[in-house]
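Text of the file model-v3.tsv, holding TSV, C-alpha atoms:
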chain	number	residue	atom	x	y	z
M	324	MET	CA	-147.50	84.56	-34.53
M	325	PHE	CA	-145.54	87.63	-33.53
M	326	ARG	CA	-146.11	91.08	-34.69
M	327	LYS	CA	-143.61	93.69	-33.85
M	328	ASN	CA	-144.14	97.31	-33.17
M	329	LYS	CA	-141.41	99.81	-32.51
M	330	HIS	CA	-141.32	99.18	-28.75
M	331	ILE	CA	-143.96	96.46	-28.23
M	332	THR	CA	-144.19	92.83	-29.45
M	333	PHE	CA	-147.66	91.22	-29.81
M	334	TYR	CA	-148.35	87.50	-29.77
M	335	TYR	CA	-151.33	85.94	-31.66
M	336	ALA	CA	-152.57	82.48	-30.73
M	337	ASP	CA	-154.24	80.20	-33.41
M	338	LYS	CA	-156.87	78.44	-31.34
M	339	HIS	CA	-157.98	81.37	-29.38
M	340	LEU	CA	-157.50	84.97	-29.80
M	341	GLN	CA	-155.15	86.43	-27.21
M	342	ILE	CA	-152.94	89.41	-27.48
M	343	SER	CA	-150.07	89.66	-24.93
M	344	GLU	CA	-148.01	92.73	-24.69
M	345	ILE	CA	-144.27	92.13	-23.95
M	346	LYS	CA	-142.55	95.35	-23.02
M	347	TRP	CA	-138.76	95.76	-23.54
M	348	PHE	CA	-138.48	92.30	-24.99
M	349	ARG	CA	-134.97	92.70	-26.43
M	350	LEU	CA	-133.53	94.06	-23.21
M	351	LYS	CA	-135.05	91.26	-21.16
M	352	LEU	CA	-133.85	88.64	-23.59
M	353	LEU	CA	-130.31	90.02	-23.57
M	354	THR	CA	-130.29	90.12	-19.77
M	355	PHE	CA	-131.43	86.49	-19.62
M	356	ILE	CA	-128.73	85.35	-22.03
M	357	ILE	CA	-125.95	87.20	-20.21
M	358	GLY	CA	-127.08	85.86	-16.84
M	359	THR	CA	-127.19	82.31	-18.20
M	360	VAL	CA	-123.65	82.67	-19.61
M	361	ILE	CA	-122.30	84.02	-16.31
M	362	VAL	CA	-123.86	81.17	-14.32
M	363	CYS	CA	-122.47	78.58	-16.73
M	364	LEU	CA	-118.99	80.09	-16.63
M	365	SER	CA	-119.06	80.20	-12.84
M	366	ILE	CA	-120.02	76.53	-12.70
M	367	ILE	CA	-117.30	75.59	-15.20
M	368	LEU	CA	-114.59	77.57	-13.39
M	369	THR	CA	-115.61	76.16	-10.01
M	370	VAL	CA	-115.50	72.59	-11.28
M	371	ASN	CA	-112.17	73.28	-13.04
M	372	TYR	CA	-110.66	74.66	-9.80
M	373	ALA	CA	-112.01	71.74	-7.76
M	374	TYR	CA	-110.42	69.22	-10.15
M	375	ASN	CA	-106.99	70.89	-10.37
M	376	ASN	CA	-107.50	72.84	-13.57
M	377	PHE	CA	-108.43	69.83	-15.74
M	378	LEU	CA	-109.40	72.18	-18.56
M	379	GLY	CA	-105.89	73.69	-18.61
M	380	LEU	CA	-107.12	77.22	-18.07
M	381	GLY	CA	-104.13	79.45	-17.15
M	382	HIS	CA	-101.86	76.41	-17.21
M	383	SER	CA	-98.78	78.20	-18.53
M	384	LYS	CA	-99.02	80.92	-15.87
M	385	LEU	CA	-99.45	78.31	-13.16
M	386	LYS	CA	-96.34	76.50	-14.38
M	387	ASP	CA	-94.38	79.75	-14.28
M	388	VAL	CA	-95.51	80.42	-10.73
M	389	MET	CA	-94.58	76.89	-9.62
M	390	LYS	CA	-91.19	77.20	-11.32
M	391	GLU	CA	-90.56	80.54	-9.64
M	392	ASN	CA	-91.63	79.10	-6.29
M	393	LYS	CA	-89.18	76.22	-6.66
M	394	LEU	CA	-86.39	78.60	-7.64
M	395	LEU	CA	-87.07	80.74	-4.59
M	396	GLN	CA	-86.91	77.69	-2.34
M	397	GLU	CA	-83.56	76.69	-3.86
M	398	GLN	CA	-82.21	80.20	-3.33
M	399	ILE	CA	-83.35	80.17	0.30
M	400	VAL	CA	-81.62	76.82	0.82
M	401	THR	CA	-78.41	78.28	-0.64
M	402	MET	CA	-78.70	81.38	1.55
M	403	THR	CA	-79.31	79.19	4.59
M	404	ALA	CA	-76.09	77.27	3.91
M	405	LYS	CA	-74.15	80.55	3.62
M	406	MET	CA	-75.69	81.83	6.85
M	407	GLN	CA	-74.64	78.62	8.59
M	408	GLU	CA	-71.07	79.23	7.40
M	409	LEU	CA	-71.33	82.78	8.70
M	410	GLU	CA	-72.62	81.44	12.01
M	411	THR	CA	-69.48	79.30	12.33
M	412	THR	CA	-67.31	82.33	11.57
M	413	ILE	CA	-69.08	84.39	14.23
M	414	HIS	CA	-68.63	81.56	16.73
M	415	ASN	CA	-64.87	81.53	16.03
M	416	LEU	CA	-64.77	85.30	16.43
M	417	ALA	CA	-66.59	84.94	19.75
M	418	GLU	CA	-63.94	82.49	21.00
M	419	ARG	CA	-61.13	84.84	19.98
M	420	GLY	CA	-63.07	87.69	21.53
M	421	ASN	CA	-63.16	85.83	24.84
M	422	GLU	CA	-59.41	85.31	24.66
M	423	LEU	CA	-58.98	89.03	24.05
M	424	ARG	CA	-61.33	89.88	26.93
M	425	LEU	CA	-59.34	87.70	29.33
M	426	SER	CA	-56.07	89.24	28.15
M	427	ILE	CA	-57.26	92.73	29.14
M	428	ASP	CA	-58.83	91.62	32.43
M	429	LEU	CA	-62.46	91.36	31.28
M	430	PRO	CA	-64.59	88.28	32.08
M	431	ALA	CA	-65.38	85.97	29.16
M	432	ILE	CA	-68.91	85.98	27.77
M	433	ASN	CA	-70.60	82.81	29.03
M	434	GLU	CA	-73.18	80.72	27.18
M	435	GLU	CA	-76.05	82.17	29.21
M	436	VAL	CA	-75.31	85.63	27.82
M	437	GLU	CA	-74.92	84.29	24.28
M	438	ILE	CA	-78.31	82.54	24.29
M	439	ALA	CA	-80.12	85.38	26.11
M	440	GLY	CA	-83.26	86.36	24.31
M	441	THR	CA	-83.45	83.13	22.31
M	442	GLY	CA	-86.94	82.43	21.04
M	443	GLY	CA	-88.62	80.41	18.33
M	444	ALA	CA	-88.98	82.16	15.02
M	445	ASN	CA	-92.38	81.81	13.40
M	446	VAL	CA	-92.73	82.26	9.67
M	447	ASN	CA	-94.74	85.36	8.87
M	448	ASP	CA	-98.00	84.60	7.07
M	449	GLU	CA	-97.24	87.03	4.25
M	450	PHE	CA	-94.10	85.02	3.41
M	451	SER	CA	-95.62	81.55	3.72
M	452	PHE	CA	-95.52	79.03	0.87
M	453	SER	CA	-98.37	76.93	-0.38
M	454	SER	CA	-96.36	73.80	0.41
M	455	SER	CA	-95.32	72.78	3.90
M	456	ASN	CA	-91.79	72.10	2.61
M	457	GLY	CA	-91.43	75.70	1.52
M	458	SER	CA	-92.60	76.95	4.91
M	459	LEU	CA	-90.07	74.71	6.68
M	460	VAL	CA	-87.26	76.02	4.47
M	461	LEU	CA	-88.18	79.63	5.11
M	462	GLY	CA	-88.67	78.98	8.83
M	463	SER	CA	-85.20	77.42	9.12
M	464	ALA	CA	-83.63	80.38	7.32
M	465	GLN	CA	-85.45	82.86	9.51
M	466	LYS	CA	-84.33	81.13	12.72
M	467	ILE	CA	-80.70	81.19	11.61
M	468	LEU	CA	-81.00	84.84	10.62
M	469	ASP	CA	-82.50	85.71	14.01
M	470	LYS	CA	-79.64	83.92	15.78
M	471	LEU	CA	-77.04	85.65	13.62
M	472	THR	CA	-78.60	89.02	14.39
M	473	ARG	CA	-78.52	88.28	18.12
M	474	ASP	CA	-74.93	86.97	17.99
M	475	VAL	CA	-73.73	90.02	16.08
M	476	LYS	CA	-75.30	92.33	18.68
M	477	VAL	CA	-73.61	90.39	21.50
M	478	GLN	CA	-70.24	90.65	19.76
M	479	GLU	CA	-70.76	94.35	19.02
M	480	GLN	CA	-71.34	95.00	22.71
M	481	SER	CA	-68.41	92.78	23.65
M	482	TYR	CA	-65.93	94.52	21.35
M	483	ALA	CA	-67.20	97.92	22.49
M	484	GLN	CA	-66.35	96.83	26.05
M	485	VAL	CA	-62.96	95.56	24.86
M	486	ILE	CA	-62.15	98.91	23.24
M	487	GLU	CA	-63.29	100.81	26.33
M	488	LYS	CA	-61.26	98.56	28.63
M	489	TYR	CA	-58.24	98.76	26.31
M	490	GLU	CA	-58.31	102.57	26.37
M	491	PHE	CA	-58.64	102.45	30.16
M	492	ASN	CA	-55.74	100.00	30.45
M	493	LYS	CA	-53.47	102.12	28.26
M	494	LYS	CA	-53.76	105.00	30.74
M	495	TYR	CA	-53.84	102.73	33.77
M	496	PHE	CA	-50.75	100.71	32.86
M	497	THR	CA	-48.67	103.80	32.07
M	498	SER	CA	-49.64	105.23	35.45
M	499	ILE	CA	-48.49	102.24	37.50
M	500	PRO	CA	-45.12	103.06	39.17
M	501	ALA	CA	-43.28	100.19	37.54
M	502	LEU	CA	-39.76	101.53	36.93
M	503	LYS	CA	-36.88	101.71	39.35
M	504	PRO	CA	-36.58	105.49	39.95
M	505	MET	CA	-32.77	105.59	40.08
M	506	GLN	CA	-29.79	103.40	39.36
M	507	GLY	CA	-28.11	102.15	42.50
M	508	PHE	CA	-28.12	99.55	45.25
M	509	TYR	CA	-30.94	98.81	47.67
M	510	SER	CA	-31.82	96.23	50.27
M	511	LYS	CA	-34.80	94.00	49.63
M	512	ASN	CA	-35.51	93.99	53.37
M	513	SER	CA	-35.47	97.76	53.86
M	514	PHE	CA	-39.28	98.15	53.74
M	515	GLY	CA	-41.04	97.78	57.10
M	516	LEU	CA	-39.98	98.09	60.72
M	517	ARG	CA	-36.27	98.80	61.25
M	518	ILE	CA	-33.82	100.66	63.44
M	519	HIS	CA	-33.53	104.25	62.20
M	520	PRO	CA	-29.84	104.91	61.30
M	521	ILE	CA	-29.87	108.43	62.80
M	522	LEU	CA	-32.40	108.23	65.64
M	523	GLY	CA	-31.45	104.70	66.69
M	524	ILE	CA	-35.07	103.76	67.39
M	525	LYS	CA	-37.38	101.18	65.86
M	526	LYS	CA	-39.42	102.95	63.24
M	527	MET	CA	-41.58	102.03	60.27
M	528	HIS	CA	-39.67	102.56	57.04
M	529	GLU	CA	-42.40	103.26	54.50
M	530	GLY	CA	-40.24	102.92	51.40
M	531	ILE	CA	-36.81	101.78	50.28
M	532	ASP	CA	-33.45	103.56	50.05
M	533	ILE	CA	-31.56	103.42	46.76
M	534	ILE	CA	-27.90	104.28	47.31
M	535	ASN	CA	-25.86	106.24	44.75
M	536	ASP	CA	-23.77	109.41	44.44
M	537	VAL	CA	-25.23	112.88	44.77
M	538	GLY	CA	-26.48	114.13	41.41
M	539	THR	CA	-27.64	110.75	40.09
M	540	PRO	CA	-30.68	111.23	37.79
M	541	VAL	CA	-34.07	110.44	39.33
M	542	VAL	CA	-36.98	109.61	37.00
M	543	ALA	CA	-40.74	109.36	37.33
M	544	THR	CA	-41.75	105.74	37.70
M	545	GLY	CA	-45.14	106.23	36.01
M	546	ASP	CA	-47.21	108.87	34.22
M	547	GLY	CA	-48.76	111.42	36.55
M	548	VAL	CA	-49.00	114.98	37.79
M	549	VAL	CA	-46.52	116.59	40.20
M	550	GLN	CA	-48.46	117.19	43.41
M	551	LEU	CA	-45.60	118.59	45.51
M	552	ALA	CA	-42.10	119.79	44.62
M	553	GLY	CA	-39.94	121.51	47.24
M	554	HIS	CA	-38.98	121.30	50.89
M	555	SER	CA	-40.91	118.72	52.86
M	556	GLY	CA	-40.66	120.52	56.19
M	557	SER	CA	-39.58	117.21	57.73
M	558	GLY	CA	-36.64	114.83	57.67
M	559	TYR	CA	-37.29	114.09	53.97
M	560	GLY	CA	-35.51	117.28	52.86
M	561	LEU	CA	-36.20	118.19	49.22
M	562	ILE	CA	-39.10	116.07	48.02
M	563	ILE	CA	-41.29	115.38	45.00
M	564	VAL	CA	-44.73	113.80	45.25
M	565	ILE	CA	-46.41	112.55	42.05
M	566	ASN	CA	-50.10	111.68	41.81
M	567	HIS	CA	-50.47	108.96	39.17
M	568	GLY	CA	-54.22	108.57	39.43
M	569	TYR	CA	-56.03	105.27	39.98
M	570	GLY	CA	-55.07	105.51	43.67
M	571	PHE	CA	-51.29	105.53	43.05
M	572	GLN	CA	-48.89	108.06	44.54
M	573	THR	CA	-45.06	108.07	44.65
M	574	ILE	CA	-42.63	110.01	46.86
M	575	TYR	CA	-39.00	110.87	46.03
M	576	ALA	CA	-37.04	112.28	49.02
M	577	HIS	CA	-33.55	113.56	50.06
M	578	LEU	CA	-33.07	115.19	46.64
M	579	SER	CA	-30.32	117.66	45.77
M	580	LYS	CA	-32.11	119.33	42.86
M	581	ILE	CA	-35.72	119.42	41.64
M	582	LEU	CA	-36.31	119.69	37.87
M	583	VAL	CA	-40.12	119.87	37.79
M	584	LYS	CA	-42.79	122.10	39.29
M	585	GLU	CA	-46.13	121.50	40.92
M	586	GLY	CA	-48.99	120.82	38.48
M	587	GLN	CA	-46.61	119.62	35.77
M	588	ARG	CA	-47.55	116.43	33.93
M	589	VAL	CA	-44.71	113.92	33.67
M	590	LYS	CA	-44.17	110.68	31.76
M	591	ARG	CA	-42.72	107.42	32.97
M	592	GLY	CA	-38.93	107.53	32.56
M	593	GLU	CA	-38.81	111.33	32.47
M	594	MET	CA	-36.03	112.87	34.57
M	595	ILE	CA	-37.56	114.86	37.45
M	596	ALA	CA	-34.70	115.41	39.91
M	597	LYS	CA	-31.18	114.58	41.03
M	598	SER	CA	-30.44	112.55	44.12
M	599	GLY	CA	-28.76	114.02	47.18
M	600	ARG	CA	-28.55	113.92	50.95
M	601	SER	CA	-30.96	116.64	52.05
M	602	GLY	CA	-32.95	116.11	55.24
M	603	LEU	CA	-32.24	113.62	58.00
M	604	VAL	CA	-29.84	111.12	56.35
M	605	ASN	CA	-26.51	109.43	57.05
M	606	GLY	CA	-25.36	109.36	53.42
M	607	PRO	CA	-26.41	110.11	49.82
M	608	HIS	CA	-29.38	108.07	48.67
M	609	LEU	CA	-32.93	108.32	47.32
M	610	HIS	CA	-35.81	107.48	49.63
M	611	TYR	CA	-38.65	106.18	47.44
M	612	GLU	CA	-42.21	105.33	48.44
M	613	VAL	CA	-45.25	103.89	46.67
M	614	ARG	CA	-48.72	104.42	48.07
M	615	ARG	CA	-51.97	103.01	46.82
M	616	ASN	CA	-55.20	104.49	48.17
M	617	GLY	CA	-53.11	106.05	50.93
M	618	VAL	CA	-51.56	102.75	52.07
M	619	CYS	CA	-47.78	102.30	51.79
M	620	GLN	CA	-46.72	99.50	49.47
M	621	ASN	CA	-43.38	97.75	49.14
M	622	PRO	CA	-41.91	99.45	46.03
M	623	ILE	CA	-39.96	96.32	45.17
M	624	ASP	CA	-43.26	94.60	44.30
M	625	TYR	CA	-43.64	97.07	41.41
M	626	PHE	CA	-40.08	97.03	40.04
M	627	PHE	CA	-39.13	95.57	36.70
M	628	ASP	CA	-35.49	95.07	37.55
M	629	ASP	CA	-34.78	93.41	34.21
M	630	ILE	CA	-35.58	96.69	32.39
M	631	SER	CA	-33.28	99.65	32.92
M	632	ILE	CA	-34.34	103.26	32.45
M	633	GLU	CA	-32.28	103.52	29.25
M	634	GLU	CA	-33.81	100.34	27.79
M	635	TYR	CA	-37.30	101.55	28.60
M	636	ARG	CA	-36.72	104.93	26.98
M	637	LYS	CA	-35.29	103.26	23.87
M	638	GLN	CA	-38.20	100.85	23.49
M	639	PHE	CA	-40.75	103.60	24.19
M	640	ALA	CA	-39.15	105.84	21.54
M	641	GLU	CA	-39.41	103.05	18.95
M	642	LYS	CA	-43.18	102.68	19.43
Representation of the structure as structure tokens:
Amino acid sequence: MFRKNKHITFYYADKHLQISEIKWFRLKLLTFIIGTVIVCLSIILTVNYAYNNFLGLGHSKLKDVMKENKLLQEQIVTMTAKMQELETTIHNLAERGNELRLSIDLPAINEEVEIAGTGGANVNDEFSFSSSNGSLVLGSAQKILDKLTRDVKVQEQSYAQVIEKYEFNKKYFTSIPALKPMQGFYSKNSFGLRIHPILGIKKMHEGIDIINDVGTPVVATGDGVVQLAGHSGSGYGLIIVINHGYGFQTIYAHLSKILVKEGQRVKRGEMIAKSGRSGLVNGPHLHYEVRRNGVCQNPIDYFFDDISIEEYRKQFAEK
């Protein structure tokens, strides 16, 4: 039989007299019960997890998670399809970009440049799905996204080059001495070795002679800066030299009147002088030269004979 004291419980045996003192009985009993419950719950939860939640514990939450996981996979599939459409659009833009590059004298971007830096895209562990199907879906989307990112960077660099080249070409093309400097007649065979009309000796003729009356307007054949304007100190008489940049230089000789000054910037088609017969000549005409990197060129190779000065000015004014 038990006999309780305030803090101690005594136990009396019938057959033999024995008194056992159990200290803190209630606390020990409570600890034993709680420990037993925890062990039992751990066993039950472990078995339930091993057999796919056969007790249905947290079943509704698990269903919600699975539903959300499926929805995410469907959204990734949809996004992947849209990215594939975007990839096609970027490819078309790349083809047009190559056409544009060729039109402004830039080399097309070849396939080796486009695929530079290509590497396999591994799915990050923090984004992995429990199912292999989900991981494949995410991996496919990530690879497409990586390729799109790389393609966009390539096109960004390409179009930056196009803009830079376009700005260069705008200045370069306006500097090329492309116009005929004066209305009049000229011989297509006047450039090169010939018999000088005054000296009567064989001499290199470094330009062409355009024949017209004294006082005929002379225009700049390209944008540039007047390098020399005045007497040549030689048989050229009154002369204008224009530096167009990019290695181009033009010379206008035997003038009767100069309308520009040294250091002045001129535009293509702008009137710079009037023709004459100053210097060593046998009649009124304009001697015109084109030099590139110091080497005399045949000016005829730069003429657009089908465009007159008036037509050019009119079209330029309309732009």
Q.
Report, in Å with one decimal, the straight-line distance from atom CA of M:Ile366 to atom CA of M:Thr354.
A. 18.4 Å
Q) Could you pull the residues within 9 Å of stretch 421-427 of chain M, counting all atoms listed in the file, minus those fewer than 5 positions along the same chain, as a ChimeraX atom specification? A) /M:416,432,481-482,484-485,488-489,492
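Between M:Tyr575 and the residues M:Pro430, M:Gly599, M:Gly462, M:Gly556, the shortest atom-to-atom distance, using all atoms listed in the file, involves M:Gly599.
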(Q) With distances taken over only C-alpha atoms, which residue among M:Val583, M:Val475, M:Val537, M:Ile357 lies nearest M:Ala417? (A)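 Nearest to M:Ala417: M:Val475.
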Q: Provide the atom CA of M:Arg588 to atom CA of M:Ile565 distance in Å, to one decimal place.
A: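 For atom CA of M:Arg588 relative to atom CA of M:Ile565, the distance reads 9.1 Å.
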(Q) Quick check, in Å to one decimal: how far apart do atom CA of M:Gly592 and atom CA of M:Pro607 lie? (A) 21.5 Å
